[in-house]
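A.B. asks: Have a peek at final_9.pdb (PDB, C-alpha atoms).
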ATOM      1  CA  MET A 242     -21.785 -43.388   5.531
ATOM      2  CA  ARG A 243     -21.911 -44.937   2.054
ATOM      3  CA  PRO A 244     -18.548 -45.538   0.302
ATOM      4  CA  ASN A 245     -19.294 -43.047  -2.488
ATOM      5  CA  LYS A 246     -20.274 -40.449   0.126
ATOM      6  CA  VAL A 247     -16.949 -40.994   1.879
ATOM      7  CA  GLN A 248     -15.192 -40.470  -1.441
ATOM      8  CA  ASP A 249     -17.097 -37.227  -2.032
ATOM      9  CA  VAL A 250     -16.119 -35.868   1.395
ATOM     10  CA  SER A 251     -12.516 -36.965   0.872
ATOM     11  CA  PHE A 252     -12.445 -35.115  -2.454
ATOM     12  CA  HIS A 253     -13.626 -31.896  -0.789
ATOM     13  CA  HIS A 254     -11.016 -32.264   1.948
ATOM     14  CA  LEU A 255      -8.314 -32.851  -0.675
ATOM     15  CA  ILE A 256      -9.212 -29.907  -2.903
ATOM     16  CA  ARG A 257      -9.537 -27.552   0.083
ATOM     17  CA  GLY A 258      -6.157 -28.677   1.367
ATOM     18  CA  ILE A 259      -4.601 -28.015  -2.050
ATOM     19  CA  ILE A 260      -6.190 -24.546  -2.132
ATOM     20  CA  LEU A 261      -4.719 -23.699   1.290
ATOM     21  CA  ILE A 262      -1.300 -24.917   0.181
ATOM     22  CA  GLY A 263      -1.708 -22.793  -2.946
ATOM     23  CA  PHE A 264      -2.370 -19.684  -0.876
ATOM     24  CA  MET A 265       0.622 -20.565   1.303
ATOM     25  CA  LEU A 266       2.891 -20.851  -1.759
ATOM     26  CA  LEU A 267       1.571 -17.562  -3.167
ATOM     27  CA  LEU A 268       2.302 -15.756   0.096
ATOM     28  CA  PHE A 269       5.740 -17.369   0.199
ATOM     29  CA  LYS A 270       6.446 -16.165  -3.342
ATOM     30  CA  LEU A 271       5.394 -12.604  -2.468
ATOM     31  CA  LEU A 272       7.589 -12.648   0.646
ATOM     32  CA  LEU A 273      10.546 -14.136  -1.223
ATOM     33  CA  THR A 274      10.418 -11.489  -3.948
ATOM     34  CA  ASN A 275       9.567  -8.630  -1.546
ATOM     35  CA  ASN A 276       6.537  -7.886  -3.759
ATOM     36  CA  ILE A 277       4.388  -8.210  -0.653
ATOM     37  CA  SER A 278       5.336  -4.588   0.085
ATOM     38  CA  LEU A 279       3.336  -3.561  -3.006
ATOM     39  CA  LEU A 280       0.192  -4.897  -1.353
ATOM     40  CA  ILE A 281       0.464  -4.164   2.376
ATOM     41  CA  ALA A 282       2.380  -1.881   4.694
ATOM     42  CA  PRO A 283       5.672  -3.390   5.938
ATOM     43  CA  LYS A 284       4.529  -3.419   9.578
ATOM     44  CA  MET A 285       1.696  -5.770   8.599
ATOM     45  CA  ILE A 286       4.046  -8.364   7.094
ATOM     46  CA  ARG A 287       4.606 -10.120  10.435
ATOM     47  CA  PHE A 288       0.956 -11.225  10.270
ATOM     48  CA  ILE A 289       1.569 -12.718   6.826
ATOM     49  CA  TYR A 290       4.176 -15.059   8.321
ATOM     50  CA  PHE A 291       1.561 -16.251  10.814
ATOM     51  CA  THR A 292      -1.019 -16.715   8.028
ATOM     52  CA  LEU A 293       1.492 -18.648   5.925
ATOM     53  CA  PHE A 294       2.166 -21.048   8.815
ATOM     54  CA  ILE A 295      -1.546 -21.599   9.525
ATOM     55  CA  CYS A 296      -2.323 -22.250   5.826
ATOM     56  CA  LEU A 297       0.489 -24.799   5.699
ATOM     57  CA  ILE A 298      -0.693 -26.704   8.788
ATOM     58  CA  LEU A 299      -4.382 -26.717   7.824
ATOM     59  CA  GLY A 300      -3.583 -27.560   4.211
ATOM     60  CA  VAL A 301      -1.463 -30.563   5.164
ATOM     61  CA  LEU A 302      -4.124 -31.835   7.604
ATOM     62  CA  LEU A 303      -6.855 -31.587   4.974
ATOM     63  CA  ILE A 304      -4.742 -33.336   2.347
ATOM     64  CA  ILE A 305      -4.044 -36.161   4.808
ATOM     65  CA  ARG A 306      -7.779 -36.455   5.494
ATOM     66  CA  GLY A 307      -8.570 -36.371   1.787
ATOM     67  CA  THR A 308      -6.179 -39.201   0.953
ATOM     68  CA  SER A 309      -6.862 -41.453   3.950
ATOM     69  CA  GLY A 310     -10.154 -42.872   2.638
ATOM     70  CA  LYS A 311     -11.692 -42.743   6.121
ATOM     71  CA  ASP A 312     -14.987 -41.248   7.204
ATOM     72  CA  HIS A 313     -14.176 -37.965   8.956
ATOM     73  CA  SER A 314     -17.721 -36.675   9.188
ATOM     74  CA  TYR A 315     -18.862 -35.102  12.434
ATOM     75  CA  GLN A 316     -21.743 -33.114  13.892
ATOM     76  CA  CYS A 317     -21.173 -29.820  15.689
ATOM     77  CA  ASP A 318     -24.747 -29.582  17.095
ATOM     78  CA  CYS A 319     -25.177 -26.021  15.825
ATOM     79  CA  ASP A 320     -27.923 -24.537  13.668
ATOM     80  CA  GLY A 321     -25.627 -23.727  10.724
ATOM     81  CA  ASP A 322     -25.615 -25.672   7.480
ATOM     82  CA  HIS A 323     -22.179 -27.203   6.922
ATOM     83  CA  THR A 324     -23.058 -29.476   4.009
ATOM     84  CA  TYR A 325     -20.719 -29.728   1.025
ATOM     85  CA  PRO A 326     -21.836 -28.537  -2.441
ATOM     86  CA  SER A 327     -24.550 -30.882  -3.680
ATOM     87  CA  SER A 328     -23.529 -30.975  -7.343
ATOM     88  CA  PHE A 329     -20.416 -30.972  -9.489
ATOM     89  CA  GLY A 330     -21.304 -27.574 -10.970
ATOM     90  CA  LYS A 331     -21.659 -25.974  -7.548
ATOM     91  CA  SER A 332     -18.344 -27.488  -6.475
ATOM     92  CA  VAL A 333     -16.574 -26.112  -9.552
ATOM     93  CA  PHE A 334     -18.059 -22.634  -9.023
ATOM     94  CA  LEU A 335     -17.147 -22.599  -5.321
ATOM     95  CA  TYR A 336     -13.552 -23.709  -5.705
ATOM     96  CA  LEU A 337     -12.856 -21.540  -8.773
ATOM     97  CA  LEU A 338     -13.489 -18.523  -6.530
ATOM     98  CA  PHE A 339     -10.288 -19.510  -4.688
ATOM     99  CA  ILE A 340      -8.304 -21.162  -7.500
ATOM    100  CA  ILE A 341      -8.499 -18.210  -9.915
ATOM    101  CA  PRO A 342      -6.874 -15.678  -7.516
ATOM    102  CA  ILE A 343      -4.092 -18.152  -6.739
ATOM    103  CA  THR A 344      -3.467 -18.848 -10.427
ATOM    104  CA  THR A 345      -3.461 -15.189 -11.450
ATOM    105  CA  GLY A 346      -1.144 -14.405  -8.546
ATOM    106  CA  PHE A 347       1.458 -16.764 -10.000
ATOM    107  CA  LEU A 348       0.917 -15.989 -13.698
ATOM    108  CA  PHE A 349       0.717 -12.191 -13.739
ATOM    109  CA  SER A 350       3.204  -9.605 -12.555
ATOM    110  CA  ASN A 351       2.383  -7.202  -9.743
ATOM    111  CA  ASN A 352       0.926  -3.861 -10.771
ATOM    112  CA  VAL A 353       1.806  -0.573  -9.071
ATOM    113  CA  LEU A 354      -1.120   1.782  -8.440
ATOM    114  CA  GLY A 355      -1.242   4.687 -10.860
ATOM    115  CA  SER A 356      -3.495   7.247 -12.545
ATOM    116  CA  SER A 357      -6.257   4.770 -13.358
ATOM    117  CA  VAL A 358      -6.796   4.225  -9.629
ATOM    118  CA  ALA A 359      -6.066   7.816  -8.601
ATOM    119  CA  MET A 360      -8.848   9.180 -10.817
ATOM    120  CA  ASN A 361     -11.395   7.315  -8.684
ATOM    121  CA  ARG A 362     -10.084   8.645  -5.371
ATOM    122  CA  THR A 363      -9.864  12.035  -3.723
ATOM    123  CA  ILE A 364      -6.536  13.725  -4.433
ATOM    124  CA  LYS A 365      -5.074  15.387  -1.340
ATOM    125  CA  LEU A 366      -3.211  18.320  -2.858
ATOM    126  CA  GLY A 367      -0.738  19.584  -0.306
ATOM    127  CA  ALA A 368      -2.292  16.996   2.034
ATOM    128  CA  SER A 369      -5.352  16.748   4.172
ATOM    129  CA  SER A 370      -6.384  19.914   5.983
ATOM    130  CA  GLN A 371      -7.207  17.766   8.988
ATOM    131  CA  PRO A 372      -4.691  17.543  11.865
ATOM    132  CA  PRO A 373      -2.206  14.641  11.715
ATOM    133  CA  LYS A 374      -3.553  11.301  12.849
ATOM    134  CA  GLN A 375      -2.522  10.120  16.271
ATOM    135  CA  ASN A 376      -1.193   6.598  16.479
ATOM    136  CA  ASN A 377      -2.005   4.620  19.628
ATOM    137  CA  SER A 378       1.487   3.178  19.939
ATOM    138  CA  SER A 379       2.868   5.179  22.828
ATOM    139  CA  ASN A 380       4.597   2.147  24.323
ATOM    140  CA  LEU A 381       6.707   1.556  21.249
ATOM    141  CA  PRO A 382      10.236   2.957  21.304
ATOM    142  CA  SER A 383      10.901   5.750  18.891
ATOM    143  CA  LYS A 384      13.323   4.867  16.123
ATOM    144  CA  PRO A 385      15.399   7.115  13.915
ATOM    145  CA  THR A 386      13.597   8.058  10.711
ATOM    146  CA  THR A 387      16.575   7.558   8.458
ATOM    147  CA  ASN A 388      15.846   5.696   5.261
ATOM    148  CA  LYS A 389      17.269   2.208   5.553
ATOM    149  CA  SER A 390      16.242   1.041   2.120
ATOM    150  CA  ASN A 391      18.762   0.843  -0.671
ATOM    151  CA  PRO A 392      17.318   1.103  -4.194
ATOM    152  CA  SER A 393      20.222  -0.926  -5.606
ATOM    153  CA  THR A 394      19.591  -4.039  -3.531
ATOM    154  CA  ASN A 395      16.689  -6.342  -2.800
ATOM    155  CA  THR A 396      18.188  -7.938   0.286
ATOM    156  CA  GLN A 397      16.995  -5.351   2.822
ATOM    157  CA  SER A 398      14.064  -6.622   4.845
ATOM    158  CA  VAL A 399      10.842  -4.880   3.876
ATOM    159  CA  LEU A 400      10.011  -4.720   7.576
ATOM    160  CA  ASP A 401      12.571  -1.908   7.880
ATOM    161  CA  ASN A 402      11.039   0.244   5.128
ATOM    162  CA  GLN A 403       8.216   1.775   7.163
ATOM    163  CA  PRO A 404       9.159   4.652   9.466
ATOM    164  CA  GLU A 405       7.997   4.877  13.052
ATOM    165  CA  PRO A 406       5.372   7.532  13.884
ATOM    166  CA  LEU A 407       6.697  10.815  15.212
ATOM    167  CA  THR A 408       5.839  12.049  18.675
ATOM    168  CA  GLN A 409       4.081  15.380  18.866
ATOM    169  CA  THR A 410       7.348  16.951  20.017
ATOM    170  CA  GLU A 411       9.220  15.501  17.041
ATOM    171  CA  TYR A 412       6.480  16.668  14.705
ATOM    172  CA  ASN A 413       6.734  20.218  16.062
ATOM    173  CA  GLU A 414      10.524  20.120  15.693
ATOM    174  CA  LEU A 415      10.149  19.003  12.072
ATOM    175  CA  LYS A 416       7.674  21.822  11.436
ATOM    176  CA  ASN A 417       9.998  24.441  12.925
ATOM    177  CA  LYS A 418      12.898  23.108  10.869
ATOM    178  CA  LEU A 419      10.917  23.286   7.625
ATOM    179  CA  VAL A 420       9.554  26.762   8.328
ATOM    180  CA  LYS A 421      13.116  28.061   8.834
ATOM    181  CA  ALA A 422      14.657  26.213   5.874
ATOM    182  CA  ASP A 423      15.147  27.768   2.442
ATOM    183  CA  ARG A 424      15.215  24.402   0.665
ATOM    184  CA  ILE A 425      12.956  21.452   1.456
ATOM    185  CA  THR A 426      13.282  17.894   0.181
ATOM    186  CA  ILE A 427      10.114  15.871   0.588
ATOM    187  CA  ASP A 428      11.576  12.460   1.417
ATOM    188  CA  ASP A 429       9.696   9.186   1.562
ATOM    189  CA  ASN A 430      10.071   8.617   5.314
ATOM    190  CA  GLN A 431       8.042  11.644   6.397
ATOM    191  CA  TYR A 432       6.252  12.378   3.134
ATOM    192  CA  VAL A 433       2.743  12.797   4.554
ATOM    193  CA  ASN A 434       3.904  14.786   7.592
ATOM    194  CA  ILE A 435       5.952  17.168   5.428
ATOM    195  CA  MET A 436       3.037  17.659   3.042
ATOM    196  CA  ASN A 437       0.760  18.415   6.003
ATOM    197  CA  ILE A 438       3.216  20.954   7.375
ATOM    198  CA  ILE A 439       3.546  22.709   3.998
ATOM    199  CA  GLN A 440      -0.227  22.915   3.614
ATOM    200  CA  ASP A 441      -0.912  24.070   7.179
ATOM    201  CA  ASN A 442       1.841  26.709   7.051
ATOM    202  CA  LEU A 443       1.464  27.709   3.427
ATOM    203  CA  ASN A 444       1.999  31.449   3.877
ATOM    204  CA  ALA A 445       5.342  30.790   5.587
ATOM    205  CA  MET A 446       6.352  28.418   2.774
ATOM    206  CA  ILE A 447       5.900  30.812  -0.136
ATOM    207  CA  GLY A 448       9.157  31.260  -2.074
ATOM    208  CA  LYS A 449      10.913  28.228  -0.588
ATOM    209  CA  THR A 450      12.575  25.768  -2.979
ATOM    210  CA  VAL A 451      11.030  22.303  -2.764
ATOM    211  CA  THR A 452      12.126  19.023  -4.329
ATOM    212  CA  THR A 453       9.643  16.179  -4.637
ATOM    213  CA  LYS A 454       9.163  13.077  -6.745
ATOM    214  CA  GLY A 455       6.199  11.008  -7.852
ATOM    215  CA  PHE A 456       4.191   9.905 -10.847
ATOM    216  CA  VAL A 457       2.478  12.295 -13.258
ATOM    217  CA  TYR A 458      -1.251  12.676 -12.759
ATOM    218  CA  ARG A 459      -3.673  15.158 -14.296
ATOM    219  CA  GLU A 460      -7.183  16.195 -13.359
ATOM    220  CA  LYS A 461      -9.585  16.682 -16.278
ATOM    221  CA  GLU A 462      -9.823  20.429 -15.689
ATOM    222  CA  PHE A 463      -6.039  20.986 -15.638
ATOM    223  CA  MET A 464      -4.371  23.208 -18.205
ATOM    224  CA  GLN A 465      -1.541  21.804 -20.327
ATOM    225  CA  ASN A 466       1.117  23.343 -18.089
ATOM    226  CA  GLN A 467      -0.262  21.725 -14.908
ATOM    227  CA  ILE A 468       0.357  18.306 -13.381
ATOM    228  CA  ILE A 469       0.243  16.670  -9.978
ATOM    229  CA  VAL A 470       3.408  14.977  -8.751
ATOM    230  CA  ALA A 471       1.558  12.247  -6.912
ATOM    231  CA  ARG A 472       2.210   9.395  -4.480
ATOM    232  CA  PHE A 473      -0.010   6.755  -2.942
ATOM    233  CA  GLY A 474       0.035   6.807   0.850
ATOM    234  CA  ILE A 475      -0.749   3.547   2.650
ATOM    235  CA  THR A 476      -1.837   2.919   6.219
ATOM    236  CA  CYS A 477      -2.395  -0.862   6.191
ATOM    237  CA  CYS A 478      -2.743  -2.043   2.576
ATOM    238  CA  VAL A 479      -3.397  -0.834  -0.970
ATOM    239  CA  ALA A 480      -7.157  -1.061  -0.341
ATOM    240  CA  ASP A 481      -6.950   2.001   1.955
ATOM    241  CA  ALA A 482      -4.409   3.861  -0.193
ATOM    242  CA  SER A 483      -4.897   7.622  -0.416
ATOM    243  CA  VAL A 484      -3.437   9.844  -3.110
ATOM    244  CA  TYR A 485      -1.186  12.685  -2.004
ATOM    245  CA  GLY A 486       0.475  15.157  -4.295
ATOM    246  CA  MET A 487       1.865  18.568  -5.080
ATOM    247  CA  MET A 488       0.579  20.564  -8.008
ATOM    248  CA  ALA A 489       3.341  21.744 -10.349
ATOM    249  CA  LYS A 490       3.274  24.060 -13.338
ATOM    250  CA  GLY A 491       5.733  24.504 -16.178
ATOM    251  CA  GLU A 492       6.605  22.902 -19.499
ATOM    252  CA  VAL A 493       4.960  19.566 -18.772
ATOM    253  CA  ALA A 494       2.501  19.199 -21.655
ATOM    254  CA  THR A 495       4.449  16.325 -23.241
ATOM    255  CA  LEU A 496       4.851  14.290 -20.069
ATOM    256  CA  PRO A 497       2.799  11.060 -20.228
ATOM    257  CA  LYS A 498       0.639  10.084 -17.277
ATOM    258  CA  ASP A 499       2.197   7.703 -14.736
ATOM    259  CA  LYS A 500       5.723   8.746 -15.745
ATOM    260  CA  TRP A 501       7.890   9.133 -12.654
ATOM    261  CA  VAL A 502       9.561  12.538 -12.321
ATOM    262  CA  GLN A 503      11.592  14.520  -9.823
ATOM    263  CA  VAL A 504      10.624  18.175  -9.673
ATOM    264  CA  THR A 505      12.352  21.146  -8.059
ATOM    265  CA  GLY A 506      10.658  24.521  -7.893
ATOM    266  CA  LYS A 507       9.534  27.410  -5.758
ATOM    267  CA  ILE A 508       6.305  27.269  -3.778
ATOM    268  CA  GLU A 509       3.481  29.539  -4.771
ATOM    269  CA  LYS A 510      -0.172  29.300  -3.856
ATOM    270  CA  THR A 511      -3.230  28.932  -6.036
ATOM    271  CA  GLN A 512      -6.927  28.143  -5.855
ATOM    272  CA  PHE A 513      -8.260  24.703  -6.789
ATOM    273  CA  ASN A 514     -11.800  23.463  -6.156
ATOM    274  CA  GLY A 515     -12.382  26.374  -3.798
ATOM    275  CA  GLU A 516      -9.318  25.688  -1.636
ATOM    276  CA  THR A 517      -5.962  27.411  -1.359
ATOM    277  CA  ILE A 518      -3.198  24.916  -2.101
ATOM    278  CA  PRO A 519       0.557  25.042  -2.751
ATOM    279  CA  VAL A 520       1.838  24.857  -6.329
ATOM    280  CA  LEU A 521       5.424  24.430  -7.498
ATOM    281  CA  LYS A 522       6.698  26.704 -10.246
ATOM    282  CA  ILE A 523       9.080  24.254 -11.879
ATOM    283  CA  ASP A 524      12.767  25.186 -12.120
ATOM    284  CA  GLN A 525      14.108  21.686 -12.758
ATOM    285  CA  LEU A 526      12.398  18.507 -13.906
ATOM    286  CA  SER A 527      13.949  15.118 -14.578
ATOM    287  CA  LYS A 528      12.448  11.784 -15.533
ATOM    288  CA  ILE A 529      13.329   8.986 -13.111
ATOM    289  CA  THR A 530      12.618   5.298 -12.705
ATOM    290  CA  ALA A 531       9.993   4.275 -10.190
ATOM    291  CA  PRO A 532      11.567   3.539  -6.774
ATOM    292  CA  GLN A 533      11.656   0.006  -5.425
ATOM    293  CA  GLN A 534       9.025   1.063  -2.885
ATOM    294  CA  PRO A 535       6.669   3.380  -4.831
ATOM    295  CA  TYR A 536       4.328   3.983  -1.894
ATOM    296  CA  VAL A 537       4.714   6.196   1.145
ATOM    297  CA  PHE A 538       3.237   5.462   4.572
ATOM    298  CA  ASP A 539       0.831   7.557   6.601
ATOM    299  CA  VAL A 540       2.260   6.667  10.012
ATOM    300  CA  GLY A 541       0.555   9.469  11.936
ATOM    301  CA  ILE A 542       1.579  10.990  15.257
ATOM    302  CA  LYS A 543       2.376   8.930  18.348
ATOM    303  CA  ILE A 544       0.501   9.759  21.541
ATOM    304  CA  GLU A 545       3.026  10.659  24.238
TER
END
Please re-express this file's structure in structure tokens.

C.D. replies:
Amino acid sequence: MRPNKVQDVSFHHLIRGIILIGFMLLLFKLLLTNNISLLIAPKMIRFIYFTLFICLILGVLLIIRGTSGKDHSYQCDCDGDHTYPSSFGKSVFLYLLFIIPITTGFLFSNNVLGSSVAMNRTIKLGASSQPPKQNNSSNLPSKPTTNKSNPSTNTQSVLDNQPEPLTQTEYNELKNKLVKADRITIDDNQYVNIMNIIQDNLNAMIGKTVTTKGFVYREKEFMQNQIIVARFGITCCVADASVYGMMAKGEVATLPKDKWVQVTGKIEKTQFNGETIPVLKIDQLSKITAPQQPYVFDVGIKIE
């Protein structure tokens, strides 16, 4: 291979190694600040550690190749085209596709999903009318569903912030408990399951006092006294996030969208888009700061 060709290949090895190290540093930053939990579900974070390690190893190897000045070309005897970009312009375009995300990841703060995203997705008022999802994790031990996170500290591992799926027996026990209760607090650990139970047993829930929290969202056809107290529910990452919420009515005309509120009220039922859904008649409303973990997790039901 000609000397200038060796230099060209070495340059591509070097820049690709730097890009991999850049991705590794970005992942490390997200893990260090716990902001990774704003992008993926906590149970997926263990795979990020593996990805970080692989990016580090491959990045270092490519940088070593790129600075050695040796000819590392090889043939794999396959039909694919593995040639490097043939011009400077093509090289710049190719590598900017990777460099720009890394740069923006370091320069800009993380953004929490809000109304601008919710308006483009289906809002599950009350929750989905479909039966709870079953999670194929029957061999995993069931853990208590107590909330281990502490809003006042950032030292708690984000791996502990996602609850384990309930068994069908536990789900039925939760349903019976809620049906018999006079007051219901929709907590983050079992948010989706509680919303499902309220929707599926709406007639038995009428008149019960419910407390929930979320960000303010409005549909275009809402009246001034109507809002949705909404949350994003995540299964794996923000790309599959669904919007769950409880309609509430009261003196809410002045509330700005995306403002976090805690609402307490009595359950009534109403019609919306041809469906019967629960609605809270507001008794108490307070503005709150967004929680450290603004998303809830659709963990489903474990197969026994």

A.B. asks: Starting from the shown file, work through the PyMOL selection byres ((chain A and resi 482-485) around 9) and note down what comes out as JSON, numbers by chain.

C.D. replies: {"A": [359, 362, 363, 364, 365, 366, 367, 368, 369, 433, 436, 470, 471, 472, 473, 474, 475, 476, 477, 478, 479, 480, 481, 486, 487, 536]}

A.B. asks: When distances are computed from all atoms listed in the file, which of A:Phe347, A:Phe252, A:Phe264, A:Phe294 shows the smallest separation from Tyr325 (chain A)?

C.D. replies: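 Closest to Tyr325 (chain A) of all the choices is A:Phe252.
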
A.B. asks: Please determine, counting all atoms listed in the file, which residue among A:Ile340, A:Leu302, A:Val537, A:Val358 has the shortest atom-to-atom distance to Pro404 (chain A).

C.D. replies: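 The shortest atom-to-atom distance to Pro404 (chain A) comes from A:Val537.
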
A.B. asks: In Å, with one decimal, what is the gap from CA of Ser278 (chain A) to CA of Asp429 (chain A)?

C.D. replies: 14.5 Å

A.B. asks: So what do you get for CA of Ser309 (chain A) versus CA of Leu297 (chain A), distance-wise?

C.D. replies: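 Calculated distance between CA of Ser309 (chain A) and CA of Leu297 (chain A) is 18.3 Å.
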
A.B. asks: Which residues fall under the PyMOL selection byres ((chain A and resi 327-337) around 10) in this file, as a VMD selection string?

C.D. replies: chain A and resid 249 253 256 to 257 260 324 to 326 338 to 344

A.B. asks: Between CA of Gly307 (chain A) and CA of Leu261 (chain A), what distance in Å does the model show, to one decimal?

C.D. replies: 13.3 Å

A.B. asks: Where does the PyMOL selection byres ((chain A and resi 435) around 10) land in this file, that is, which residues does it pick, as a PyMOL selection string?

C.D. replies: chain A and resi 367-368+412+415-416+419+425-434+436-441

A.B. asks: Okay, now the selection with C-alpha atoms, as a short mmCIF file (atom, residue, chain, number, x, y, z; two decimals), in the coordinates of the input?

C.D. replies:
data_model
loop_
_atom_site.label_atom_id
_atom_site.label_comp_id
_atom_site.auth_asym_id
_atom_site.auth_seq_id
_atom_site.Cartn_x
_atom_site.Cartn_y
_atom_site.Cartn_z
CA GLY A 367 -0.74 19.58 -0.31
CA ALA A 368 -2.29 17.00 2.03
CA TYR A 412 6.48 16.67 14.70
CA LEU A 415 10.15 19.00 12.07
CA LYS A 416 7.67 21.82 11.44
CA LEU A 419 10.92 23.29 7.62
CA ILE A 425 12.96 21.45 1.46
CA THR A 426 13.28 17.89 0.18
CA ILE A 427 10.11 15.87 0.59
CA ASP A 428 11.58 12.46 1.42
CA ASP A 429 9.70 9.19 1.56
CA ASN A 430 10.07 8.62 5.31
CA GLN A 431 8.04 11.64 6.40
CA TYR A 432 6.25 12.38 3.13
CA VAL A 433 2.74 12.80 4.55
CA ASN A 434 3.90 14.79 7.59
CA MET A 436 3.04 17.66 3.04
CA ASN A 437 0.76 18.42 6.00
CA ILE A 438 3.22 20.95 7.38
CA ILE A 439 3.55 22.71 4.00
CA GLN A 440 -0.23 22.92 3.61
CA ASP A 441 -0.91 24.07 7.18
#

A.B. asks: Measuring between all atoms listed in the file, which one of A:Gly541, A:Gly355, A:Pro406, A:Gly455 shows the shortest distance to Gln503 (chain A)?

C.D. replies: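 Checking each candidate against Gln503 (chain A), we get A:Gly455 as the closest.
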
A.B. asks: Would you list the residues near (-8.4, -30.8, 6.8) (no more than 7 Å away, in the coordinates of the file, using all atoms listed in the file) as a list in words?

C.D. replies: His254, Gly258, Leu299, Gly300, Leu302, Leu303, Ile304 and Arg306 of chain A

A.B. asks: Since we have the selection now, will you write its residues out, keeping C-alpha atoms, as an mmCIF file, in the frame of the given file?

C.D. replies:
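Below is the file again20.cif, written as the result:
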data_model
loop_
_atom_site.group_PDB
_atom_site.id
_atom_site.type_symbol
_atom_site.label_atom_id
_atom_site.label_comp_id
_atom_site.auth_asym_id
_atom_site.auth_seq_id
_atom_site.Cartn_x
_atom_site.Cartn_y
_atom_site.Cartn_z
ATOM 1 C CA HIS A 254 -11.016 -32.264 1.948
ATOM 2 C CA GLY A 258 -6.157 -28.677 1.367
ATOM 3 C CA LEU A 299 -4.382 -26.717 7.824
ATOM 4 C CA GLY A 300 -3.583 -27.560 4.211
ATOM 5 C CA LEU A 302 -4.124 -31.835 7.604
ATOM 6 C CA LEU A 303 -6.855 -31.587 4.974
ATOM 7 C CA ILE A 304 -4.742 -33.336 2.347
ATOM 8 C CA ARG A 306 -7.779 -36.455 5.494
#

A.B. asks: If we count all atoms listed in the file and set the cut-off at 9 Å, which residues sit around region 507-510 of chain A, ignoring sequence neighbours fewer than 2 positions away in its own chain? Please answer as a PyMOL selection string.

C.D. replies: chain A and resi 443-444+446-452+505+512+517-524

A.B. asks: Might I get the box with edges along x, y and z of the file that holds all atoms of region 525-536 of chain A listed there, padded by 6 Å on every side, given as centre and edge lengths in Å to one decimal, as lines of an AutoDock Vina configuration file?

C.D. replies:
center_x = 9.2
center_y = 10.8
center_z = -8.7
size_x = 21.8
size_y = 33.7
size_z = 25.6

A.B. asks: So, counting all atoms listed in the file, which residue among A:Met265, A:Ile305, A:Ala494, A:Leu348 is closest to Ile289 (chain A)?

C.D. replies: A:Met265

A.B. asks: Counting all atoms listed in the file, figure out which residue out of A:Leu255, A:Asn352, A:Ile542, A:Leu268 gets nearest to Thr408 (chain A).

C.D. replies: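 Of the candidates, the smallest distance to Thr408 (chain A) is held by A:Ile542.
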